[in-house]
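Novice: My structure is below; once you've seen it, I'll send some questions.
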Amino acid sequence: YIFNKGQIRHIHGIYEDVYDQNIWICTGDFNEESMIVKSDYYFKEINVVGRNSQNFRTCKIFFTKKSVYWCMDSQYEKSYALEYNRKNKKIIKHFSFPGPVIYSKYFQDGYYIVSTSQEIGPSVLDNKVHVLISKDFKKWDELTQFEHDGYEKKFFKFGLVCFSEGKQYT
């Protein structure tokens with residue numbers, strides 16, 4: 001599958017949904033480039049779940065039998081944990097994060113963990129990277145935070161906390 005020229009900036013991630021045997025693709029970065037697309041394995045049937053909004057700017061998608069979850073990766077607008085209800089196709093905003101969420105992970109014992117990035121923009125509420133945990137993707141508790149070193153972000157980039165890939169337990 002090829003996106004039309006100028007349609008997206010880049011792909012943030014491609015994820016397999018084992019519950020409905022589809023692939024979900026997330027793109028970014030500006031409103032017109034941000035979208036979440038759902039496709040069959042052969043890219044014959046492609047459905048846009050959402051687009052043209054920072055609500056659909058994400059780097060990771062999580063699947064359950066009833067819902068699909070993601071966190072916004074936006075330094076332009078307040079970033080939320082979002083839930084897509086498979087049955088009624090409605091999107092619900094849950095928790096509001098103190099900054100964009102780039103890295104997130106699901107643990108085998110049912111916990112989600114995310115970190116905010118220390119970027120430049122109105123949705124970045126302080127000079128810290130926050131690490132939060134949740135059991136249900138709705139209520140989040142902060143585990144720790146790290147203050148940005150203060151070096152020029154233009155040259156030394158943003159403050160980030162990453163998580164390893166693969167199956168793990170908390």
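So you can find residues: chains in the structure tokens are A, B, ... in the order shown, residues in each start at 1, and ligands are numbered from 1 in order.
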If you count only C-alpha atoms, which residues fall within 9 Å of Thr116 (chain A), apart from same-chain ones fewer than 5 positions away, as a CSV table (one decimal) with N, CA and C atoms, in the first residue's frame?
Specialist:
chain,number,residue,atom,x,y,z
A,73,ASP,N,0.3,11.9,20.9
A,73,ASP,CA,1.7,12.3,20.8
A,73,ASP,C,1.7,13.7,20.2
A,97,PHE,N,-2.6,13.8,29.9
A,97,PHE,CA,-1.2,13.7,30.3
A,97,PHE,C,-0.5,15.1,30.3
A,98,PRO,N,0.6,15.3,31.1
A,98,PRO,CA,1.3,16.5,31.2
A,98,PRO,C,2.3,16.8,30.0
A,99,GLY,N,2.1,16.1,28.9
A,99,GLY,CA,2.9,16.3,27.7
A,99,GLY,C,2.6,15.2,26.7
A,100,PRO,N,3.3,15.2,25.6
A,100,PRO,CA,3.1,14.2,24.5
A,100,PRO,C,3.6,12.8,25.0
A,101,VAL,N,2.9,11.8,24.5
A,101,VAL,CA,3.3,10.4,24.8
A,101,VAL,C,3.9,9.8,23.5
A,102,ILE,N,5.1,9.5,23.5
A,102,ILE,CA,5.8,8.8,22.4
A,102,ILE,C,5.9,7.3,22.7
A,103,TYR,N,6.5,7.0,23.9
A,103,TYR,CA,6.8,5.6,24.2
A,103,TYR,C,5.8,5.1,25.2
A,124,VAL,N,3.1,20.9,26.6
A,124,VAL,CA,4.2,20.4,27.5
A,124,VAL,C,4.0,21.3,28.7
A,128,LYS,N,9.7,18.4,32.8
A,128,LYS,CA,9.9,17.0,33.3
A,128,LYS,C,9.4,16.0,32.3
A,129,VAL,N,10.0,14.8,32.3
A,129,VAL,CA,9.5,13.6,31.7
A,129,VAL,C,8.8,12.8,32.8
A,130,HIS,N,7.5,12.5,32.5
A,130,HIS,CA,6.7,11.8,33.5
A,130,HIS,C,6.6,10.3,33.0
A,131,VAL,N,6.7,9.4,34.0
A,131,VAL,CA,6.4,8.0,33.7
A,131,VAL,C,5.2,7.6,34.5
A,132,LEU,N,4.1,7.1,33.8
A,132,LEU,CA,2.8,6.8,34.4
A,132,LEU,C,2.4,5.3,34.1
A,159,GLY,N,13.9,15.4,26.1
A,159,GLY,CA,14.0,14.4,27.2
A,159,GLY,C,13.0,13.3,26.9
A,160,LEU,N,13.5,12.0,27.0
A,160,LEU,CA,12.6,10.9,26.7
A,160,LEU,C,12.9,9.7,27.6
A,161,VAL,N,12.0,8.9,27.9
A,161,VAL,CA,12.2,7.6,28.6
A,161,VAL,C,11.6,6.6,27.7
Novice: Pick out the residues sitting within 9 Å of Asp109 (chain A), and hand them over as a PDB file with all heavy atoms, in the first residue's frame; count only C-alpha atoms, and ignore anything fewer than 6 positions along from it in its own chain.
Specialist:
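To be explicit, this is the file written out as selection.pdb:
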ATOM      1  N   GLN A 168       7.018  -8.819  28.869  1.00  0.00           N
ATOM      2  CA  GLN A 168       7.576  -8.588  30.193  1.00  0.00           C
ATOM      3  C   GLN A 168       6.440  -8.500  31.203  1.00  0.00           C
ATOM      4  O   GLN A 168       5.283  -8.317  30.840  1.00  0.00           O
ATOM      5  CB  GLN A 168       8.358  -7.279  30.246  1.00  0.00           C
ATOM      6  CG  GLN A 168       9.626  -7.291  29.443  1.00  0.00           C
ATOM      7  CD  GLN A 168      10.306  -5.939  29.490  1.00  0.00           C
ATOM      8  OE1 GLN A 168       9.669  -4.899  29.441  1.00  0.00           O
ATOM      9  NE2 GLN A 168      11.625  -5.955  29.564  1.00  0.00           N
ATOM     10  N   TYR A 169       6.805  -8.593  32.475  1.00  0.00           N
ATOM     11  CA  TYR A 169       5.865  -8.427  33.577  1.00  0.00           C
ATOM     12  C   TYR A 169       6.325  -7.265  34.436  1.00  0.00           C
ATOM     13  O   TYR A 169       7.509  -6.962  34.492  1.00  0.00           O
ATOM     14  CB  TYR A 169       5.803  -9.710  34.415  1.00  0.00           C
ATOM     15  CG  TYR A 169       5.224 -10.875  33.649  1.00  0.00           C
ATOM     16  CD1 TYR A 169       6.030 -11.667  32.830  1.00  0.00           C
ATOM     17  CD2 TYR A 169       3.875 -11.166  33.727  1.00  0.00           C
ATOM     18  CE1 TYR A 169       5.501 -12.718  32.103  1.00  0.00           C
ATOM     19  CE2 TYR A 169       3.333 -12.217  33.000  1.00  0.00           C
ATOM     20  CZ  TYR A 169       4.154 -13.000  32.190  1.00  0.00           C
ATOM     21  OH  TYR A 169       3.620 -14.026  31.475  1.00  0.00           O
ATOM     22  N   THR A 170       5.389  -6.623  35.132  1.00  0.00           N
ATOM     23  CA  THR A 170       5.751  -5.508  36.001  1.00  0.00           C
ATOM     24  C   THR A 170       6.474  -6.001  37.234  1.00  0.00           C
ATOM     25  O   THR A 170       6.411  -7.132  37.599  1.00  0.00           O
ATOM     26  CB  THR A 170       4.509  -4.697  36.436  1.00  0.00           C
ATOM     27  OG1 THR A 170       3.547  -5.563  37.019  1.00  0.00           O
ATOM     28  CG2 THR A 170       3.926  -3.954  35.272  1.00  0.00           C
TER      29      THR A 170
END
Novice: Would you mind telling me which residue in A:Glu33, A:Glu165, A:Glu142, A:Asp40 lies nearest to Phe56 (chain A) when using only C-alpha atoms?
Specialist: A:Glu33
Novice: Per residue of region 8-42 of chain A within 9 Å of region 58-64 of chain A, record the nearest atom pair and its distance in Å to one decimal, counting only C-alpha atoms, with rows in chain order and ascending residue number, as a Markdown table.
Specialist:
| residue | atom | partner | partner_atom | distance |
| --- | --- | --- | --- | --- |
| A:Ile11 | CA | A:Cys59 | CA | 8.6 |
| A:His12 | CA | A:Cys59 | CA | 5.0 |
| A:Gly13 | CA | A:Cys59 | CA | 5.8 |
| A:Ile14 | CA | A:Lys60 | CA | 8.2 |
| A:Tyr15 | CA | A:Ile61 | CA | 6.9 |
| A:Glu16 | CA | A:Phe63 | CA | 8.8 |
| A:Asp17 | CA | A:Phe63 | CA | 6.4 |
| A:Val18 | CA | A:Phe63 | CA | 8.0 |
| A:Tyr19 | CA | A:Thr64 | CA | 7.2 |
| A:Trp24 | CA | A:Ile61 | CA | 7.8 |
| A:Ile25 | CA | A:Ile61 | CA | 8.8 |
| A:Cys26 | CA | A:Thr58 | CA | 6.2 |
| A:Thr27 | CA | A:Thr58 | CA | 7.2 |
| A:Gly28 | CA | A:Thr58 | CA | 7.4 |
| A:Asp29 | CA | A:Thr58 | CA | 8.8 |
| A:Ser34 | CA | A:Thr58 | CA | 8.2 |
| A:Met35 | CA | A:Thr58 | CA | 8.5 |
| A:Ile36 | CA | A:Thr58 | CA | 8.3 |
Novice: Which residues, written as a ChimeraX atom specification, have at least one atom at most 10 Å from Ile2 (chain A), with only C-alpha atoms counted and residues fewer than 2 positions away on the same chain left out?
Specialist: /A:4-5,43
Novice: Which of region 30-161 of chain A end up as alpha helix (DSSP H) when DSSP is run on this backbone - answer as a list in words?
Specialist: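 The residues of region 30-161 of chain A classed as alpha helix (DSSP H) are Lys153, Lys154, Phe155 and Phe156 of chain A.
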Novice: Expressed in Å to a single decimal, how great is the separation between CA of Asn88 (chain A) and CA of Lys66 (chain A)?
Specialist: 10.2 Å
Novice: Identify all residues of chain A in strand (DSSP E) (DSSP on the backbone) and supply them as a PyMOL selection string.
Specialist: chain A and resi 10-17+22-28+35-39+46-51+61-63+67-71+80-85+91-96+101-106+112-116+128-134+141-147
Novice: For Lys135 (chain A), which residue among A:Tyr111, A:Tyr151, A:Phe158, A:Phe30 is the nearest when counting only C-alpha atoms?
Specialist: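 Of A:Tyr111, A:Tyr151, A:Phe158, A:Phe30, the one nearest Lys135 (chain A), counting only C-alpha atoms, is A:Tyr111.
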Novice: Measuring atom to atom with only C-alpha atoms, identify which of A:Trp70, A:Phe3, A:Tyr76, A:Trp140 is nearest to Phe95 (chain A).
Specialist: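 Smallest separation from Phe95 (chain A) among the options: A:Trp140.
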Novice: Could you check how far CA of Ser96 (chain A) sits from CA of Gly121 (chain A), in Å to one decimal?
Specialist: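 Spanning CA of Ser96 (chain A) to CA of Gly121 (chain A) is a straight-line distance of 15.6 Å.
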Novice: Within 10 Å of Gly166 (chain A), counting only C-alpha atoms, which residues show up once you throw out same-chain ones fewer than 3 positions away? Write them as a count of residues only, please.
Specialist: 5
Novice: Report the distance between CA of Ile133 (chain A) and CA of Tyr112 (chain A) in Å, rounded to one decimal place.
Specialist: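 Computing it gives 5.6 Å between the two atoms.
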